[in-house]
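Peer 1: Next up, my_file-v4.cif (mmCIF, C-alpha atoms).
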data_data
loop_
_atom_site.label_atom_id
_atom_site.label_comp_id
_atom_site.auth_asym_id
_atom_site.auth_seq_id
_atom_site.Cartn_x
_atom_site.Cartn_y
_atom_site.Cartn_z
CA MET I 66 109.21 82.69 46.58
CA ALA I 67 109.30 79.15 47.96
CA ILE I 68 112.54 77.83 49.43
CA ASP I 69 113.53 74.33 48.46
CA LEU I 70 115.12 72.73 51.51
CA ASN I 71 116.44 69.94 49.32
CA ASP I 72 118.57 72.40 47.31
CA SER I 73 122.16 71.49 48.25
CA ALA I 74 123.57 74.84 47.11
CA PHE I 75 121.13 76.72 49.32
CA LEU I 76 121.97 74.53 52.31
CA GLU I 77 125.69 75.04 51.80
CA ARG I 78 125.23 78.84 51.73
CA LEU I 79 123.10 78.64 54.87
CA ILE I 80 125.77 76.63 56.65
CA GLU I 81 128.47 79.13 55.59
CA VAL I 82 126.43 82.06 56.91
CA GLU I 83 125.87 80.27 60.21
CA LYS I 84 129.57 79.50 60.53
CA LYS I 85 130.50 83.13 59.92
CA ARG I 86 127.99 84.30 62.50
CA SER I 87 129.29 81.77 65.02
CA ASN I 88 132.90 82.80 64.38
CA ASN I 89 132.06 86.48 64.80
CA GLY I 90 130.21 85.77 68.05
CA GLY I 91 133.11 83.66 69.29
CA LYS I 92 135.56 86.47 68.61
CA TRP I 93 133.52 88.90 70.68
CA LEU I 94 133.30 86.41 73.53
CA LEU I 95 137.06 85.89 73.40
CA VAL I 96 137.77 89.45 74.53
CA PRO I 97 136.01 89.32 77.93
CA ALA I 98 137.30 85.76 78.43
CA ILE I 99 140.89 86.95 78.03
CA ALA I 100 140.24 89.92 80.34
CA LEU I 101 138.83 87.65 83.02
CA ALA I 102 141.75 85.23 82.66
CA VAL I 103 144.27 88.07 83.06
CA ALA I 104 142.43 89.42 86.12
CA PHE I 105 142.35 85.93 87.64
CA LEU I 106 146.04 85.21 86.98
CA MET I 107 147.38 88.62 88.02
CA PRO I 108 147.56 87.81 91.79
CA PHE I 109 149.43 84.59 90.98
CA TYR I 110 151.85 86.52 88.78
CA TYR I 111 152.45 89.04 91.57
CA LEU I 112 153.04 86.20 94.04
CA PHE I 113 155.58 84.41 91.89
CA VAL I 114 157.56 87.52 90.93
CA THR I 115 157.63 88.64 94.58
CA VAL I 116 158.98 85.45 96.15
CA PHE I 117 162.07 85.63 93.90
CA LYS I 118 162.98 89.17 94.98
CA SER I 119 165.02 90.38 97.92
CA ASN I 120 163.90 93.31 100.08
CA GLU I 121 166.27 95.67 98.28
CA GLU I 122 165.18 94.48 94.85
CA TYR I 123 161.49 94.74 95.77
CA ALA I 124 161.96 98.33 96.96
CA ARG I 125 164.01 99.27 93.89
CA LYS I 126 161.83 97.69 91.20
CA GLY I 127 158.19 97.87 90.35
CA VAL I 128 155.98 95.29 92.01
CA LEU I 129 155.21 93.57 88.71
CA GLU I 130 158.73 93.65 87.26
CA LEU I 131 160.55 90.36 86.79
CA PRO I 132 163.26 89.50 89.33
CA ASP I 133 166.96 89.53 88.45
CA SER I 134 167.48 85.91 89.56
CA LEU I 135 165.77 83.00 91.31
CA ALA I 136 168.26 82.79 94.19
CA PRO I 137 166.50 85.12 96.70
CA ILE I 138 163.67 82.64 97.19
CA ILE I 139 165.96 80.45 99.31
CA ASP I 140 166.70 83.24 101.78
CA ASN I 141 163.03 84.24 101.77
CA ALA I 142 161.96 80.66 102.49
CA VAL I 143 164.47 80.29 105.35
CA GLU I 144 163.38 83.56 106.93
CA ALA I 145 159.70 82.70 106.46
CA TRP I 146 160.25 79.28 108.02
CA THR I 147 161.95 80.70 111.11
CA SER I 148 159.95 83.93 111.48
CA SER I 149 156.83 83.68 113.64
CA HIS I 150 157.52 79.91 114.02
CA VAL I 151 155.95 79.12 110.66
CA GLY I 152 157.49 75.63 110.67
CA THR I 153 155.86 74.74 114.00
CA ALA I 154 152.56 76.21 112.82
CA MET I 155 152.60 74.12 109.63
CA PHE I 156 153.23 70.98 111.67
CA ASN I 157 150.35 71.87 114.02
CA SER I 158 147.94 72.48 111.13
CA ALA I 159 149.05 69.24 109.48
CA THR I 160 148.32 67.23 112.62
CA TYR I 161 145.01 69.01 113.17
CA GLY I 162 144.06 68.41 109.55
CA VAL I 163 145.14 64.79 109.18
CA ILE I 164 143.93 63.49 112.54
CA GLY I 165 140.87 65.74 112.81
CA ALA I 166 139.64 65.10 109.28
CA THR I 167 140.26 61.35 109.60
CA LEU I 168 138.35 61.11 112.88
CA ALA I 169 135.51 63.30 111.58
CA VAL I 170 135.04 61.26 108.40
CA ALA I 171 135.32 57.97 110.32
CA ILE I 172 132.72 59.01 112.89
CA ALA I 173 130.44 60.35 110.16
CA ALA I 174 130.79 57.07 108.24
CA ILE I 175 129.82 55.02 111.30
CA ALA I 176 126.86 57.32 111.98
CA ALA I 177 125.77 57.20 108.33
CA TYR I 178 125.92 53.38 108.40
CA GLY I 179 123.72 53.27 111.46
CA LEU I 180 121.24 55.76 110.02
CA THR I 181 120.93 54.14 106.59
CA ARG I 182 121.74 50.43 106.89
CA LEU I 183 120.51 49.52 110.39
CA ARG I 184 117.25 51.44 110.12
CA ALA I 185 117.51 52.72 113.66
CA TYR I 186 114.41 54.20 115.25
CA GLY I 187 114.16 57.94 114.62
CA SER I 188 117.11 57.98 112.20
CA ASN I 189 115.84 61.08 110.41
CA SER I 190 115.46 62.92 113.69
CA TRP I 191 118.99 61.99 114.78
CA PHE I 192 120.32 63.18 111.45
CA LEU I 193 118.56 66.54 111.77
CA VAL I 194 119.91 66.97 115.30
CA ILE I 195 123.48 66.35 114.17
CA PHE I 196 123.23 68.44 111.00
CA ALA I 197 121.43 71.35 112.71
CA GLY I 198 124.74 72.62 114.07
CA THR I 199 125.82 73.72 110.61
CA LEU I 200 122.78 75.95 110.15
CA PHE I 201 124.17 78.64 112.47
CA PRO I 202 127.18 80.91 111.83
CA PHE I 203 130.39 79.66 113.35
CA GLN I 204 130.83 83.01 115.12
CA MET I 205 127.97 82.04 117.45
CA TYR I 206 130.10 79.25 118.90
CA LEU I 207 133.15 81.34 119.76
CA VAL I 208 132.08 82.89 123.08
CA PRO I 209 130.54 79.71 124.59
CA LEU I 210 133.51 77.67 123.39
CA LEU I 211 136.00 80.14 124.83
CA PHE I 212 134.33 80.18 128.25
CA THR I 213 134.01 76.39 128.27
CA TYR I 214 137.61 75.86 127.20
CA GLN I 215 138.80 78.30 129.86
CA ARG I 216 136.96 76.35 132.56
CA VAL I 217 138.27 72.94 131.51
CA GLY I 218 141.76 74.18 130.65
CA LEU I 219 141.71 73.53 126.89
CA VAL I 220 142.60 77.03 125.72
CA ASN I 221 145.90 77.05 123.84
CA SER I 222 146.05 73.25 123.85
CA TRP I 223 146.60 70.80 121.00
CA LEU I 224 143.89 68.48 122.34
CA GLY I 225 141.34 71.29 122.53
CA MET I 226 141.83 72.23 118.89
CA LEU I 227 141.73 68.60 117.77
CA LEU I 228 138.43 68.02 119.60
CA LEU I 229 136.96 71.20 118.10
CA TYR I 230 137.96 70.39 114.53
CA THR I 231 136.80 66.81 114.80
CA ALA I 232 133.38 67.80 116.12
CA ILE I 233 132.79 70.66 113.71
CA CYS I 234 133.75 68.57 110.67
CA ILE I 235 131.31 65.70 111.31
CA PRO I 236 127.94 67.09 110.03
CA PHE I 237 128.88 67.72 106.39
CA PRO I 238 130.49 64.29 105.82
CA LEU I 239 127.45 62.74 107.50
CA LEU I 240 125.17 64.47 104.97
CA VAL I 241 127.22 63.21 102.01
CA LEU I 242 127.75 59.68 103.33
CA ARG I 243 124.12 59.30 104.30
CA ASN I 244 123.22 59.70 100.64
CA ALA I 245 126.17 57.61 99.42
CA PHE I 246 125.47 54.69 101.75
CA GLY I 247 121.77 54.84 101.01
CA ALA I 248 122.46 54.34 97.30
CA ILE I 249 124.39 51.10 97.85
CA ASN I 250 122.40 47.94 97.13
CA ARG I 251 121.12 46.44 100.38
CA GLU I 252 121.40 42.91 99.06
CA ILE I 253 125.12 42.85 99.79
CA ASP I 254 124.32 43.43 103.48
CA SER I 255 121.92 40.54 103.56
CA ALA I 256 124.32 38.26 101.72
CA ALA I 257 127.15 39.09 104.12
CA ARG I 258 124.97 38.54 107.20
CA ILE I 259 123.81 35.17 105.84
CA ASP I 260 127.48 34.19 105.60
CA GLY I 261 127.88 35.08 109.27
CA ALA I 262 129.49 38.51 108.96
CA SER I 263 129.09 40.88 111.88
CA GLU I 264 127.89 44.46 111.43
CA TRP I 265 131.45 45.73 111.72
CA ARG I 266 132.55 43.28 109.03
CA VAL I 267 129.71 44.37 106.77
CA PHE I 268 130.62 48.01 107.34
CA LEU I 269 134.37 47.60 106.78
CA SER I 270 134.33 44.99 104.02
CA MET I 271 131.20 45.89 102.06
CA ILE I 272 130.17 49.49 102.62
CA VAL I 273 133.49 51.30 102.99
CA PRO I 274 135.06 49.90 99.77
CA ASN I 275 131.97 50.89 97.79
CA ALA I 276 132.16 54.47 99.10
CA TRP I 277 135.93 54.86 99.20
CA GLY I 278 135.97 57.70 96.67
CA SER I 279 133.49 59.73 98.72
CA LEU I 280 135.43 59.07 101.92
CA VAL I 281 138.73 60.27 100.45
CA ALA I 282 137.10 63.32 98.85
CA LEU I 283 135.51 64.25 102.17
CA PHE I 284 138.84 63.85 103.94
CA LEU I 285 140.41 66.23 101.44
CA LEU I 286 137.66 68.82 101.89
CA GLN I 287 137.76 68.67 105.69
CA PHE I 288 141.56 68.80 105.76
CA THR I 289 141.44 71.92 103.59
CA PHE I 290 138.86 73.51 105.89
CA ILE I 291 140.97 72.82 108.98
CA TRP I 292 144.17 73.98 107.28
CA ASN I 293 142.60 77.28 106.19
CA ASP I 294 140.79 78.00 109.46
CA LEU I 295 141.61 81.31 111.09
CA LEU I 296 138.48 82.04 113.10
CA PHE I 297 138.72 79.36 115.77
CA SER I 298 142.49 79.06 115.89
CA SER I 299 143.04 82.79 116.37
CA VAL I 300 140.73 82.84 119.40
CA LEU I 301 141.25 79.44 121.03
CA ALA I 302 144.87 78.67 120.14
CA ASN I 303 147.00 81.74 119.52
CA GLY I 304 149.92 80.46 121.60
CA THR I 305 153.20 79.93 119.78
CA GLU I 306 153.35 76.18 120.36
CA VAL I 307 149.81 75.33 119.26
CA ARG I 308 148.74 77.99 116.76
CA SER I 309 147.88 77.09 113.19
CA ILE I 310 149.59 78.17 110.00
CA MET I 311 146.94 80.80 109.30
CA VAL I 312 147.54 82.46 112.68
CA ALA I 313 151.29 82.34 112.02
CA LEU I 314 150.75 84.05 108.65
CA GLN I 315 148.61 86.67 110.34
CA THR I 316 151.37 87.28 112.89
CA LEU I 317 153.99 87.42 110.14
CA GLN I 318 151.89 89.92 108.24
CA GLY I 319 151.89 92.08 111.36
CA THR I 320 155.68 92.34 111.01
CA TYR I 321 155.32 93.29 107.34
CA ALA I 322 157.56 96.35 107.64
CA ALA I 323 160.39 94.38 109.23
CA THR I 324 160.30 91.18 107.17
CA GLY I 325 159.21 92.64 103.85
CA PRO I 326 156.43 91.63 101.46
CA ASN I 327 158.68 89.07 99.77
CA VAL I 328 158.97 87.02 102.97
CA VAL I 329 155.23 87.25 103.63
CA ALA I 330 154.48 86.16 100.07
CA THR I 331 156.94 83.26 100.35
CA ALA I 332 155.32 82.12 103.60
CA ALA I 333 151.89 82.28 101.93
CA LEU I 334 153.20 80.19 99.03
CA MET I 335 154.66 77.62 101.42
CA ALA I 336 151.36 77.47 103.31
CA SER I 337 149.42 76.75 100.12
CA LEU I 338 151.62 73.87 98.96
CA PRO I 339 150.34 71.08 101.30
CA THR I 340 146.71 71.39 100.21
CA VAL I 341 147.70 71.63 96.53
CA LEU I 342 149.95 68.57 96.76
CA LEU I 343 147.30 66.65 98.69
CA PHE I 344 144.70 67.44 96.04
CA ILE I 345 147.07 66.31 93.29
CA ALA I 346 147.75 63.06 95.14
CA LEU I 347 144.05 62.36 95.78
CA ARG I 348 142.53 63.85 92.63
CA LYS I 349 141.60 60.40 91.28
CA TYR I 350 139.37 59.69 94.28
CA PHE I 351 138.04 63.25 94.31
CA MET I 352 136.91 63.06 90.69
CA SER I 353 135.50 59.53 91.08
CA ALA I 354 133.32 60.74 93.96
CA PHE I 355 131.76 63.40 91.72
CA GLN I 356 131.30 60.91 88.89
CA VAL I 357 129.43 58.55 91.20
CA SER I 358 127.25 61.33 92.57
CA SER I 359 126.42 62.58 89.07
#
Starting from the coordinates I provided, produce the structure as structure tokens.
Peer 2:
Amino acid sequence: MAIDLNDSAFLERLIEVEKKRSNNGGKWLLVPAIALAVAFLMPFYYLFVTVFKSNEEYARKGVLELPDSLAPIIDNAVEAWTSSHVGTAMFNSATYGVIGATLAVAIAAIAAYGLTRLRAYGSNSWFLVIFAGTLFPFQMYLVPLLFTYQRVGLVNSWLGMLLLYTAICIPFPLLVLRNAFGAINREIDSAARIDGASEWRVFLSMIVPNAWGSLVALFLLQFTFIWNDLLFSSVLANGTEVRSIMVALQTLQGTYAATGPNVVATAALMASLPTVLLFIALRKYFMSAFQVSS
């Protein structure tokens, strides 16, 4: 029996069958999607119900039960701020992150400009030399860095950590900015030089504004890396005055029995707020960088 594709009634029935099949398939996919969403949100639920409980309430109730009130979070936050010098650690991580990420991105931008716009001799080789440091696990650097820092007196020092974070955060921004700068039209360089602009003026007035989204996104990524670092800070800067927020959280977790899980959870929540707020503030630049790259 031949099927007439011009038959409107047949086409309508075919569309209805396809819609039913799609709806049935969508319903089956909804079940694992909901399960995954619940599994993903469960740690956040545990965190938020824990920070609003006192030690006595946490011991009396189930871990997933709702708190009686919201007031205990104030006492938990005060104790978390003072215990293990969490306030000092947050300030240290903030300075490491802001200054270190800014210097790393600035140095990477200057290097990327020289490698892509000045056409320096052996630019590809220089790029490979700089980027080769990221090919090895960070654990390989710990022992040589520790011995070197001990000899020059940079262990447990703010300057030592700033130098480390700045140096280790340069290669990845260089990779991104090398591609970003290379995609910018070279005619703007020539036009600026004809008008008498120096290389610094070309870099600051022409190249940087055209790659501002990438620069801000890279700053955000490197700040987040520095803020969340535990490996280097726990070995090279575990002193009270210079340790990072992650080392302070690790120390606070060691006193889990004395402070209680509610204080540890509150400190973890406080430690996560700066990166979240920074991402919210810079999300426009972060998304524009991905739109340009795509």
Peer 1: Would you mind reading off the distance between CA of Leu224 (chain I) and CA of Ser158 (chain I), one decimal, in Å?
Peer 2: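 Atom-to-atom, CA of Leu224 (chain I) and CA of Ser158 (chain I) are spaced 12.6 Å apart.
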Peer 1: From the set I:Tyr123, I:Phe297, I:Trp191, I:Tyr110, which residue has the shortest atom-to-atom contact distance to Gln204 (chain I), counting all atoms listed in the file?
Peer 2: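 Looking only at the distances to Gln204 (chain I), the closest residue turns out to be I:Phe297.
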Peer 1: I'd like the interatomic distance between CA of Ala197 (chain I) and CA of Asp254 (chain I), to a tenth of an Å.
Peer 2: 29.5 Å
Peer 1: Taking the file as shown, find all residues satisfying the PyMOL selection byres ((chain I and resi 295) around 8) and write them as a PyMOL selection string.
Peer 2: chain I and resi 293-294+296-299+309+311-312
Peer 1: Around region 186-194 of chain I, with edges along x, y and z and 8 Å added on all six sides, what centre and edge lengths do you get, in Å to one decimal, as AutoDock Vina command-line options?
Peer 2:
--center_x 117.2 --center_y 60.6 --center_z 112.9 --size_x 22.2 --size_y 28.8 --size_z 20.9
Peer 1: Take the PyMOL selection byres ((chain I and resi 114-119) around 8), run it mentally on this structure, and tell me the resulting residues as a list in words.
Peer 2: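 After applying the PyMOL selection byres ((chain I and resi 114-119) around 8), what remains is Tyr110, Tyr111, Leu112, Phe113, Asn120, Glu121, Glu122, Tyr123, Val128, Leu129, Glu130, Leu131, Pro132, Asp133, Ser134, Leu135, Ala136, Pro137, Ile138, Asn141, Pro326, Asn327, Val328, Ala330 and Thr331 of chain I.
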Peer 1: To one decimal in Å, tell me the separation between CA of Ala145 (chain I) and CA of Ile164 (chain I).
Peer 2: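 These atoms are spaced 25.6 Å apart.
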Peer 1: Tell me which protein, DNA and RNA residues are within 12 Å of region 182-186 of chain I, counting all atoms listed in the file, leaving out same-chain ones fewer than 3 positions away, and put them as a VMD selection string.
Peer 2: chain I and resid 174 to 179 189 to 192 242 to 255 264 to 265 267 to 268 271 to 272
Peer 1: For each of I:Val151, I:Leu180, I:Leu207, I:Met352, take the minimum atom-to-atom distance to Leu285 (chain I), counting only C-alpha atoms, then give the residue where this is smallest.
Peer 2: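 Of the candidates, the smallest distance to Leu285 (chain I) is held by I:Met352.
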Peer 1: Skipping near chain neighbours, those fewer than 4 positions away, what residues fall within 8 Å of region 286-292 of chain I using all atoms listed in the file, listed as a PyMOL selection string?
Peer 2: chain I and resi 158-159+161-163+165-166+230+234+282+309-311+340
